[in-house]
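The structure under discussion appears below in the form of structure tokens.
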Amino acid sequence: MESFEFSTELVPGLPNELGLECLTRLPYTAHRLASGVCHRWRDLFQSPDFHYHRKKLGYTQKVACLVQAFSGGTVNGPKRPGELPSYGVSVFESLNRGWYRLPPVPKYPNGLPLFCQLASCEGKLVVMGGWNPVTYDPVADVFIYDFTTQQWRKGKGMPSKRSFFAIGACSGRVYIAGGHDENKNALRTAWVYDLRKDEWDQLGELSKERDECEGVVIGEDEFWVVSGYGTERQGQFDGSADVYEFKSGEWRVAEGIWEPGHCPRSSVGIGKSGKLMNWAELNTAVRVGARGIMLGGRVLVTGSEYQGGTHGFYMVEVKEGQIGKLEKINVPDEFSGFVQSGCFVEI
């Protein structure tokens with residue numbers, strides 16, 4: 001989008017070009033307050049086109065959104081023995097290293113669906129699937145958080161209930177593939193969700209069943225569905241990936257891009273060699289439960305040294321394919337819990 005058209009002055013006394021420039025420079029944290037000035041400002045701040053305008057000019061900010069266990073694993077008091085902890089969405093701002101927590105989803109006031117998946121789309125956070133935190137039944141729920149209004153809204157549910165699926169987003173669409181259904185059967189199906197239209201379309205089938213696969217979007221070109229295993233091969237992770245090309249709308253298979261037998265859930269991208277980067281191999285401090293969230297030229301890496309160990313949080317620089325050393329960061333106690341999944345959102 002190159003220009004906006006306004007029937008009257010956007011900011012009284014200023015040319016519209018200058019008024020738009022002023023509003024474009026506002027930090028995202030001020031958008032909700034500024035939206036209350038008038039209807040025109042509200043419509044502007046909530047417009048996807050305005051998001052792309054700010055992104056083009058370099059005024060967006062990348063934050064990490066993490067599905068994280070509440071401090072102590074509790075929401076409304078201690079858990080019963082054997083009961084899973086409750087989870088919410090924590091937000092990390094790398095520029096000022098500040099933390100805050102998003103309000104709970106209205107349908108799930110005591111914690112997000114367990115093992116839900118996150119994706120970012122046009123400056124919004126999308127939460128999909130998982131298990132009902134009370135009954136542990138799979139759900140097809142879709143929720144979208146708008147950082148401008150600071151509110152959740154319900155999206156059209158997934159076509160079917162699935163868990164542990166690959167997810168990725170590009171150009172206003174969220175892609176999902178694989179995982180398993182309510183009966184623990186591994187899936188080959190793939191779908192795409194259009195955020196603006198609130199509609200789902202099927203993308204055909206993967207070359208094989210892929211439960212517990214990982215989704216990676218490469219630039220604006222491809223959606224990779226990495227590794228996973230079939231129903232009859234529980235835990236035997238495959239070394240290949242199914243790759244969906246956005247322009248052609250076709251699938252292809254990439255062989256030998258992941259180490260067979262290893263769970264891909266901590267992978268974050270693809271290096272120059274064509275192999276997925278596994279943050280668990282970066283340092284022994286994060287070899288268990290590793291997760292990496294790309295934040296421009298730096299990455300937020302989380303994980304622990306051993307099963308049940310203290311969860312650490314680190315920043316690491318990535319320049320021209322070279323990965324720097326881990327820099328440990330201090331995290332408030334209420335944000336130090338286990339990170340189940342996450343993504344970056346460019347706001």
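Chain lettering (A, B, ...) mirrors the order of the structure tokens, residue numbering begins at 1 for each chain separately, and ligand numbering begins at 1 in order of display.
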
Item to check | Contacts of Arg32 (chain A) at 9 Å (only C-alpha atoms; same-chain gap of 3+ positions) as a VMD selection string | outcome: chain A and resid 28 to 29 35 to 36 42 45 147 to 150

Please provide as a short mmCIF file (atom, residue, chain, number, x, y, z; two decimals) with all heavy atoms, in the first residue's frame all residues within 10 Å of region 151-163 of chain A, with the sequence filter that same-chain residues fewer than 5 positions apart are discarded (counting only C-alpha atoms).
```cif
data_model
loop_
_atom_site.label_atom_id
_atom_site.label_comp_id
_atom_site.auth_asym_id
_atom_site.auth_seq_id
_atom_site.Cartn_x
_atom_site.Cartn_y
_atom_site.Cartn_z
N LEU A 102 -0.80 -11.36 28.55
CA LEU A 102 -2.06 -11.04 27.90
C LEU A 102 -3.23 -11.47 28.78
O LEU A 102 -3.12 -12.43 29.55
CB LEU A 102 -2.17 -11.75 26.55
CG LEU A 102 -1.15 -11.37 25.47
CD1 LEU A 102 -1.52 -12.05 24.15
CD2 LEU A 102 -1.06 -9.87 25.28
N PRO A 103 -4.36 -10.77 28.66
CA PRO A 103 -5.55 -11.21 29.41
C PRO A 103 -5.98 -12.59 28.96
O PRO A 103 -5.71 -12.99 27.82
CB PRO A 103 -6.60 -10.14 29.07
CG PRO A 103 -6.15 -9.58 27.76
CD PRO A 103 -4.65 -9.61 27.79
N PRO A 104 -6.65 -13.35 29.82
CA PRO A 104 -7.07 -14.70 29.42
C PRO A 104 -8.12 -14.68 28.33
O PRO A 104 -8.88 -13.71 28.19
CB PRO A 104 -7.63 -15.29 30.73
CG PRO A 104 -8.03 -14.11 31.54
CD PRO A 104 -7.05 -13.02 31.20
N VAL A 105 -8.16 -15.75 27.55
CA VAL A 105 -9.23 -15.93 26.57
C VAL A 105 -10.54 -16.09 27.33
O VAL A 105 -10.62 -16.91 28.25
CB VAL A 105 -8.95 -17.17 25.69
CG1 VAL A 105 -10.14 -17.44 24.76
CG2 VAL A 105 -7.68 -16.99 24.89
N PRO A 106 -11.59 -15.32 26.99
CA PRO A 106 -12.84 -15.40 27.75
C PRO A 106 -13.40 -16.81 27.91
O PRO A 106 -13.95 -17.15 28.97
CB PRO A 106 -13.79 -14.51 26.93
CG PRO A 106 -12.90 -13.50 26.30
CD PRO A 106 -11.64 -14.25 25.97
N LYS A 107 -13.26 -17.65 26.89
CA LYS A 107 -13.80 -19.01 26.98
C LYS A 107 -13.00 -19.86 27.96
O LYS A 107 -13.54 -20.84 28.51
CB LYS A 107 -13.80 -19.66 25.59
CG LYS A 107 -14.44 -21.05 25.57
CD LYS A 107 -14.51 -21.62 24.16
CE LYS A 107 -15.14 -23.01 24.17
NZ LYS A 107 -15.28 -23.59 22.81
N LEU A 114 -4.41 -26.75 26.62
CA LEU A 114 -3.07 -27.34 26.71
C LEU A 114 -2.57 -27.70 25.31
O LEU A 114 -3.34 -28.18 24.47
CB LEU A 114 -3.11 -28.58 27.59
CG LEU A 114 -3.63 -28.36 29.01
CD1 LEU A 114 -3.82 -29.71 29.72
CD2 LEU A 114 -2.68 -27.48 29.80
N PHE A 115 -1.30 -27.46 25.07
CA PHE A 115 -0.65 -27.79 23.80
C PHE A 115 -1.25 -27.03 22.61
O PHE A 115 -1.14 -27.49 21.47
CB PHE A 115 -0.69 -29.30 23.53
CG PHE A 115 -0.24 -30.14 24.69
CD1 PHE A 115 -1.13 -30.97 25.35
CD2 PHE A 115 1.06 -30.05 25.16
CE1 PHE A 115 -0.73 -31.73 26.44
CE2 PHE A 115 1.48 -30.80 26.24
CZ PHE A 115 0.58 -31.65 26.89
N CYS A 116 -1.85 -25.87 22.86
CA CYS A 116 -2.33 -25.06 21.74
C CYS A 116 -1.14 -24.51 20.95
O CYS A 116 -0.01 -24.48 21.43
CB CYS A 116 -3.21 -23.91 22.25
SG CYS A 116 -2.36 -22.75 23.36
N GLN A 117 -1.41 -24.10 19.72
CA GLN A 117 -0.37 -23.61 18.83
C GLN A 117 -0.55 -22.12 18.57
O GLN A 117 -1.69 -21.62 18.53
CB GLN A 117 -0.42 -24.36 17.50
CG GLN A 117 -0.22 -25.87 17.64
CD GLN A 117 1.25 -26.25 17.80
OE1 GLN A 117 1.99 -25.60 18.53
NE2 GLN A 117 1.67 -27.30 17.13
N LYS A 124 -1.30 -9.53 14.57
CA LYS A 124 -2.19 -10.14 15.55
C LYS A 124 -1.66 -11.51 15.95
O LYS A 124 -0.92 -12.15 15.20
CB LYS A 124 -3.61 -10.25 14.99
CG LYS A 124 -4.24 -8.90 14.66
CD LYS A 124 -5.59 -9.07 14.01
CE LYS A 124 -6.26 -7.74 13.74
NZ LYS A 124 -5.47 -6.88 12.83
N LEU A 125 -2.05 -11.97 17.13
CA LEU A 125 -1.67 -13.29 17.62
C LEU A 125 -2.84 -14.24 17.41
O LEU A 125 -3.97 -13.93 17.78
CB LEU A 125 -1.30 -13.23 19.10
CG LEU A 125 -0.97 -14.57 19.76
CD1 LEU A 125 0.33 -15.14 19.20
CD2 LEU A 125 -0.89 -14.42 21.28
N VAL A 126 -2.55 -15.41 16.82
CA VAL A 126 -3.59 -16.42 16.56
C VAL A 126 -3.28 -17.65 17.39
O VAL A 126 -2.15 -18.16 17.37
CB VAL A 126 -3.65 -16.79 15.07
CG1 VAL A 126 -4.76 -17.80 14.82
CG2 VAL A 126 -3.86 -15.54 14.22
N VAL A 127 -4.27 -18.13 18.15
CA VAL A 127 -4.15 -19.32 18.99
C VAL A 127 -5.09 -20.39 18.44
O VAL A 127 -6.27 -20.12 18.23
CB VAL A 127 -4.49 -19.02 20.45
CG1 VAL A 127 -4.41 -20.28 21.31
CG2 VAL A 127 -3.58 -17.93 21.00
N MET A 128 -4.57 -21.60 18.21
CA MET A 128 -5.36 -22.66 17.61
C MET A 128 -5.21 -23.99 18.35
O MET A 128 -4.11 -24.34 18.78
CB MET A 128 -4.97 -22.89 16.15
CG MET A 128 -5.28 -21.76 15.22
SD MET A 128 -4.88 -22.19 13.50
CE MET A 128 -5.56 -20.78 12.64
N GLY A 129 -6.33 -24.71 18.44
CA GLY A 129 -6.31 -26.10 18.88
C GLY A 129 -5.89 -26.30 20.31
O GLY A 129 -5.98 -25.42 21.15
N GLY A 130 -5.41 -27.53 20.58
CA GLY A 130 -5.01 -27.91 21.93
C GLY A 130 -6.05 -28.77 22.61
O GLY A 130 -6.98 -29.29 21.99
N TRP A 131 -5.87 -28.94 23.92
CA TRP A 131 -6.78 -29.74 24.73
C TRP A 131 -7.52 -28.85 25.71
O TRP A 131 -6.92 -27.94 26.29
CB TRP A 131 -6.02 -30.79 25.53
CG TRP A 131 -5.26 -31.80 24.75
CD1 TRP A 131 -5.23 -31.96 23.39
CD2 TRP A 131 -4.40 -32.81 25.28
NE1 TRP A 131 -4.40 -33.00 23.04
CE2 TRP A 131 -3.87 -33.54 24.19
CE3 TRP A 131 -4.02 -33.17 26.56
CZ2 TRP A 131 -2.99 -34.60 24.36
CZ3 TRP A 131 -3.13 -34.23 26.74
CH2 TRP A 131 -2.63 -34.94 25.64
N ASP A 137 -10.00 -32.95 26.52
CA ASP A 137 -10.48 -33.33 25.19
C ASP A 137 -9.92 -32.37 24.15
O ASP A 137 -9.82 -31.16 24.40
CB ASP A 137 -12.01 -33.28 25.14
CG ASP A 137 -12.67 -34.33 26.02
OD1 ASP A 137 -12.09 -35.43 26.14
OD2 ASP A 137 -13.76 -34.06 26.56
N PRO A 138 -9.57 -32.85 22.95
CA PRO A 138 -9.08 -31.96 21.88
C PRO A 138 -10.15 -30.93 21.50
O PRO A 138 -11.35 -31.22 21.55
CB PRO A 138 -8.78 -32.91 20.73
CG PRO A 138 -8.62 -34.25 21.37
CD PRO A 138 -9.55 -34.26 22.53
N VAL A 139 -9.71 -29.74 21.13
CA VAL A 139 -10.64 -28.68 20.73
C VAL A 139 -10.22 -28.15 19.35
O VAL A 139 -9.06 -28.29 18.95
CB VAL A 139 -10.68 -27.52 21.75
CG1 VAL A 139 -11.15 -28.02 23.10
CG2 VAL A 139 -9.32 -26.85 21.87
N ALA A 140 -11.17 -27.53 18.66
CA ALA A 140 -10.89 -26.95 17.34
C ALA A 140 -10.94 -25.42 17.40
O ALA A 140 -11.00 -24.76 16.37
CB ALA A 140 -11.91 -27.46 16.33
N ASP A 141 -10.87 -24.87 18.59
CA ASP A 141 -11.04 -23.43 18.79
C ASP A 141 -9.94 -22.61 18.12
O ASP A 141 -8.77 -23.03 18.05
CB ASP A 141 -11.04 -23.09 20.29
CG ASP A 141 -12.26 -23.64 21.01
OD1 ASP A 141 -13.34 -23.64 20.40
OD2 ASP A 141 -12.12 -24.08 22.17
N VAL A 142 -10.33 -21.42 17.64
CA VAL A 142 -9.41 -20.43 17.09
C VAL A 142 -9.71 -19.09 17.76
O VAL A 142 -10.86 -18.66 17.81
CB VAL A 142 -9.57 -20.29 15.57
CG1 VAL A 142 -8.72 -19.14 15.04
CG2 VAL A 142 -9.20 -21.59 14.87
N PHE A 143 -8.66 -18.46 18.29
CA PHE A 143 -8.81 -17.16 18.93
C PHE A 143 -7.76 -16.21 18.37
O PHE A 143 -6.63 -16.61 18.10
CB PHE A 143 -8.65 -17.26 20.45
CG PHE A 143 -9.64 -18.19 21.11
CD1 PHE A 143 -9.26 -19.48 21.46
CD2 PHE A 143 -10.93 -17.79 21.36
CE1 PHE A 143 -10.16 -20.34 22.05
CE2 PHE A 143 -11.85 -18.65 21.95
CZ PHE A 143 -11.46 -19.93 22.31
N ILE A 144 -8.15 -14.94 18.22
CA ILE A 144 -7.24 -13.92 17.69
C ILE A 144 -7.14 -12.78 18.68
O ILE A 144 -8.17 -12.26 19.13
CB ILE A 144 -7.74 -13.38 16.31
CG1 ILE A 144 -7.83 -14.50 15.28
CG2 ILE A 144 -6.81 -12.28 15.81
CD1 ILE A 144 -9.22 -15.03 15.07
N TYR A 145 -5.90 -12.41 19.03
CA TYR A 145 -5.70 -11.27 19.93
C TYR A 145 -5.23 -10.07 19.12
O TYR A 145 -4.25 -10.15 18.38
CB TYR A 145 -4.66 -11.59 21.01
CG TYR A 145 -4.50 -10.47 22.02
CD1 TYR A 145 -5.44 -10.30 23.04
CD2 TYR A 145 -3.43 -9.57 21.94
CE1 TYR A 145 -5.32 -9.27 23.96
CE2 TYR A 145 -3.31 -8.53 22.85
CZ TYR A 145 -4.26 -8.39 23.87
OH TYR A 145 -4.14 -7.36 24.77
N ASP A 146 -5.94 -8.96 19.28
CA ASP A 146 -5.62 -7.71 18.59
C ASP A 146 -4.88 -6.80 19.57
O ASP A 146 -5.45 -6.38 20.59
CB ASP A 146 -6.90 -7.04 18.10
CG ASP A 146 -6.63 -5.87 17.17
OD1 ASP A 146 -5.70 -5.09 17.45
OD2 ASP A 146 -7.37 -5.70 16.18
N ILE A 176 -1.78 -24.90 8.59
CA ILE A 176 -1.62 -26.00 9.54
C ILE A 176 -1.56 -27.31 8.77
O ILE A 176 -2.11 -27.44 7.67
CB ILE A 176 -2.77 -26.05 10.58
CG1 ILE A 176 -4.11 -26.37 9.90
CG2 ILE A 176 -2.85 -24.74 11.35
CD1 ILE A 176 -5.24 -26.65 10.88
N ALA A 177 -0.87 -28.31 9.35
CA ALA A 177 -0.74 -29.61 8.68
C ALA A 177 -0.35 -30.66 9.70
O ALA A 177 0.32 -30.38 10.70
CB ALA A 177 0.31 -29.54 7.57
N GLY A 178 -0.74 -31.89 9.42
CA GLY A 178 -0.33 -33.02 10.24
C GLY A 178 -0.94 -33.01 11.62
O GLY A 178 -2.04 -32.53 11.84
N GLY A 179 -0.20 -33.59 12.58
CA GLY A 179 -0.72 -33.78 13.93
C GLY A 179 -1.51 -35.07 14.02
O GLY A 179 -1.36 -35.98 13.20
N HIS A 180 -2.36 -35.17 15.07
CA HIS A 180 -3.22 -36.35 15.17
C HIS A 180 -4.63 -35.95 15.58
O HIS A 180 -4.87 -34.87 16.11
CB HIS A 180 -2.64 -37.40 16.13
CG HIS A 180 -2.58 -36.97 17.57
ND1 HIS A 180 -1.39 -36.71 18.22
CD2 HIS A 180 -3.54 -36.74 18.51
CE1 HIS A 180 -1.62 -36.36 19.47
NE2 HIS A 180 -2.93 -36.37 19.66
N ASP A 181 -5.60 -36.84 15.30
CA ASP A 181 -7.00 -36.55 15.57
C ASP A 181 -7.40 -37.00 16.96
O ASP A 181 -6.56 -37.37 17.78
CB ASP A 181 -7.89 -37.18 14.49
CG ASP A 181 -7.81 -38.71 14.47
OD1 ASP A 181 -7.32 -39.31 15.45
OD2 ASP A 181 -8.24 -39.30 13.45
N GLU A 182 -8.71 -37.00 17.23
CA GLU A 182 -9.23 -37.35 18.55
C GLU A 182 -8.91 -38.78 18.95
O GLU A 182 -8.88 -39.12 20.14
CB GLU A 182 -10.75 -37.14 18.59
CG GLU A 182 -11.18 -35.71 18.35
CD GLU A 182 -12.68 -35.58 18.26
OE1 GLU A 182 -13.34 -35.50 19.31
OE2 GLU A 182 -13.21 -35.56 17.13
N ASN A 183 -8.70 -39.64 17.96
CA ASN A 183 -8.43 -41.06 18.23
C ASN A 183 -6.94 -41.39 18.17
O ASN A 183 -6.57 -42.56 18.04
CB ASN A 183 -9.20 -41.92 17.23
CG ASN A 183 -10.70 -41.71 17.34
OD1 ASN A 183 -11.26 -41.69 18.43
ND2 ASN A 183 -11.36 -41.54 16.20
N LYS A 184 -6.09 -40.35 18.21
CA LYS A 184 -4.63 -40.52 18.18
C LYS A 184 -4.12 -41.02 16.84
O LYS A 184 -2.99 -41.52 16.75
CB LYS A 184 -4.15 -41.48 19.30
CG LYS A 184 -4.65 -41.13 20.69
CD LYS A 184 -4.07 -39.83 21.19
CE LYS A 184 -4.50 -39.57 22.63
NZ LYS A 184 -4.00 -38.28 23.15
N ASN A 185 -4.92 -40.90 15.79
CA ASN A 185 -4.47 -41.29 14.46
C ASN A 185 -3.71 -40.13 13.82
O ASN A 185 -4.22 -39.00 13.77
CB ASN A 185 -5.66 -41.67 13.58
CG ASN A 185 -6.37 -42.92 14.06
OD1 ASN A 185 -5.72 -43.91 14.41
ND2 ASN A 185 -7.70 -42.87 14.07
N ALA A 186 -2.51 -40.40 13.33
CA ALA A 186 -1.71 -39.37 12.68
C ALA A 186 -2.41 -38.90 11.40
O ALA A 186 -3.09 -39.68 10.73
CB ALA A 186 -0.32 -39.89 12.37
N LEU A 187 -2.22 -37.62 11.07
CA LEU A 187 -2.93 -37.01 9.95
C LEU A 187 -1.99 -36.62 8.81
O LEU A 187 -0.82 -36.32 9.03
CB LEU A 187 -3.67 -35.76 10.44
CG LEU A 187 -4.75 -35.99 11.50
CD1 LEU A 187 -5.23 -34.65 12.06
CD2 LEU A 187 -5.92 -36.77 10.93
N TRP A 191 -4.46 -27.46 5.91
CA TRP A 191 -5.46 -26.43 5.69
C TRP A 191 -4.83 -25.06 5.82
O TRP A 191 -3.77 -24.89 6.44
CB TRP A 191 -6.60 -26.54 6.71
CG TRP A 191 -7.43 -27.78 6.58
CD1 TRP A 191 -7.13 -29.04 7.04
CD2 TRP A 191 -8.71 -27.89 5.95
NE1 TRP A 191 -8.13 -29.91 6.74
CE2 TRP A 191 -9.13 -29.23 6.07
CE3 TRP A 191 -9.55 -26.98 5.31
CZ2 TRP A 191 -10.35 -29.68 5.56
CZ3 TRP A 191 -10.76 -27.42 4.81
CH2 TRP A 191 -11.15 -28.76 4.94
N VAL A 192 -5.51 -24.04 5.26
CA VAL A 192 -5.06 -22.66 5.39
C VAL A 192 -6.25 -21.82 5.87
O VAL A 192 -7.37 -21.97 5.39
CB VAL A 192 -4.49 -22.10 4.07
CG1 VAL A 192 -5.51 -22.17 2.95
CG2 VAL A 192 -4.00 -20.67 4.27
N TYR A 193 -5.97 -20.94 6.83
CA TYR A 193 -6.98 -20.05 7.41
C TYR A 193 -6.71 -18.63 6.97
O TYR A 193 -5.60 -18.10 7.18
CB TYR A 193 -6.94 -20.14 8.94
CG TYR A 193 -7.84 -19.16 9.66
CD1 TYR A 193 -9.22 -19.26 9.59
CD2 TYR A 193 -7.28 -18.14 10.43
CE1 TYR A 193 -10.03 -18.37 10.26
CE2 TYR A 193 -8.09 -17.24 11.11
CZ TYR A 193 -9.48 -17.36 11.02
OH TYR A 193 -10.29 -16.47 11.69
N ASP A 194 -7.70 -17.99 6.33
CA ASP A 194 -7.60 -16.61 5.90
C ASP A 194 -8.13 -15.72 7.02
O ASP A 194 -9.32 -15.75 7.33
CB ASP A 194 -8.40 -16.40 4.62
CG ASP A 194 -8.15 -15.03 3.98
OD1 ASP A 194 -8.32 -14.01 4.68
OD2 ASP A 194 -7.78 -14.98 2.80
N LEU A 195 -7.24 -14.92 7.62
CA LEU A 195 -7.61 -14.14 8.78
C LEU A 195 -8.68 -13.10 8.46
O LEU A 195 -9.63 -12.91 9.23
CB LEU A 195 -6.37 -13.45 9.35
CG LEU A 195 -6.57 -12.65 10.64
CD1 LEU A 195 -6.91 -13.57 11.79
CD2 LEU A 195 -5.31 -11.84 10.97
N LYS A 197 -10.90 -13.03 5.89
CA LYS A 197 -12.17 -13.63 5.48
C LYS A 197 -12.77 -14.54 6.56
O LYS A 197 -13.95 -14.88 6.49
CB LYS A 197 -11.97 -14.44 4.20
CG LYS A 197 -11.56 -13.62 2.99
CD LYS A 197 -11.37 -14.50 1.77
CE LYS A 197 -10.96 -13.71 0.54
NZ LYS A 197 -10.74 -14.58 -0.64
N ASP A 198 -11.96 -14.94 7.53
CA ASP A 198 -12.38 -15.89 8.56
C ASP A 198 -12.89 -17.17 7.91
O ASP A 198 -13.95 -17.69 8.26
CB ASP A 198 -13.46 -15.27 9.47
CG ASP A 198 -13.70 -16.09 10.75
OD1 ASP A 198 -12.73 -16.73 11.22
OD2 ASP A 198 -14.84 -16.08 11.26
N GLU A 199 -12.09 -17.70 6.97
CA GLU A 199 -12.47 -18.90 6.23
C GLU A 199 -11.30 -19.88 6.15
O GLU A 199 -10.14 -19.48 6.17
CB GLU A 199 -12.92 -18.54 4.80
CG GLU A 199 -14.20 -17.74 4.73
CD GLU A 199 -14.59 -17.38 3.31
OE1 GLU A 199 -13.78 -17.66 2.38
OE2 GLU A 199 -15.69 -16.84 3.12
N TRP A 200 -11.65 -21.17 6.01
CA TRP A 200 -10.66 -22.24 5.85
C TRP A 200 -10.75 -22.83 4.45
O TRP A 200 -11.83 -22.98 3.89
CB TRP A 200 -10.92 -23.35 6.86
CG TRP A 200 -10.56 -23.00 8.28
CD1 TRP A 200 -11.38 -22.46 9.23
CD2 TRP A 200 -9.30 -23.20 8.90
NE1 TRP A 200 -10.69 -22.31 10.41
CE2 TRP A 200 -9.41 -22.76 10.24
CE3 TRP A 200 -8.07 -23.71 8.46
CZ2 TRP A 200 -8.34 -22.81 11.15
CZ3 TRP A 200 -7.00 -23.77 9.35
CH2 TRP A 200 -7.15 -23.32 10.68
N ASP A 201 -9.59 -23.21 3.90
CA ASP A 201 -9.52 -23.94 2.64
C ASP A 201 -8.52 -25.08 2.77
O ASP A 201 -7.48 -24.93 3.42
CB ASP A 201 -9.09 -23.02 1.49
CG ASP A 201 -10.17 -22.03 1.10
OD1 ASP A 201 -11.28 -22.46 0.77
OD2 ASP A 201 -9.89 -20.81 1.15
N GLN A 202 -8.83 -26.21 2.15
CA GLN A 202 -7.92 -27.36 2.22
C GLN A 202 -6.79 -27.21 1.23
O GLN A 202 -6.97 -26.67 0.13
CB GLN A 202 -8.68 -28.66 1.97
CG GLN A 202 -7.87 -29.90 2.32
CD GLN A 202 -8.72 -31.16 2.45
OE1 GLN A 202 -9.91 -31.14 2.13
NE2 GLN A 202 -8.12 -32.24 2.92
N ASP A 211 2.68 -36.91 12.65
CA ASP A 211 2.29 -36.49 14.00
C ASP A 211 3.50 -35.84 14.68
O ASP A 211 4.64 -36.23 14.43
CB ASP A 211 1.81 -37.70 14.80
CG ASP A 211 1.06 -37.31 16.07
OD1 ASP A 211 0.85 -36.09 16.29
OD2 ASP A 211 0.69 -38.22 16.83
N GLU A 212 3.25 -34.86 15.54
CA GLU A 212 4.30 -34.11 16.25
C GLU A 212 5.33 -33.52 15.29
O GLU A 212 6.54 -33.53 15.54
CB GLU A 212 4.99 -35.00 17.30
CG GLU A 212 4.10 -35.34 18.47
CD GLU A 212 4.87 -35.84 19.68
OE1 GLU A 212 5.78 -35.11 20.13
OE2 GLU A 212 4.57 -36.95 20.15
#
```

Next on the checklist: Please extract the residues of region 6-225 of chain A with a backbone DSSP assignment of helix (DSSP H, G or I) and present them as a ChimeraX atom specification.
Outcome noted: /A:16-24,28-35,39-45,48-57,71-73

Next on the checklist: What parts of region 107-203 of chain A does DSSP call strand (DSSP E)? I'd like the answer as a PyMOL selection string.
Outcome noted: chain A and resi 117-121+124-128+142-146+151-155+166-170+173-177+189-194+199-203

Checklist entry - What's the 9 Å shell around Val89 (chain A), counting only C-alpha atoms, without same-chain residues fewer than 4 positions away, as a list in words? => result Cys65, Leu66, Val67, Gln68, Ala69, Tyr100, Arg101, Leu102, Pro103, Pro104, Leu112 and Gly342 of chain A

Item to check | Contact residues around Gly204 (chain A) with only C-alpha atoms at 9 Å, ignoring same-chain residues under 4 positions, as a count of residues only | outcome: 6

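Interatomic distance, CA of Ser240 (chain A) to CA of Asp221 (chain A): 18.5 Å.
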
Residues of region 13-61 of chain A that have any atom at most 12 Å from an atom of region 295-318 of chain A: could you tabulate them with the shortest-distance atom pair and the distance in Å to one decimal, using only C-alpha atoms, ordered by chain and increasing number, as a tab-separated table?
```
residue	atom	partner	partner_atom	distance
A:Gly58	CA	A:Gly296	CA	11.7
A:Thr60	CA	A:Gly296	CA	11.2
A:Gln61	CA	A:Leu295	CA	8.9
```
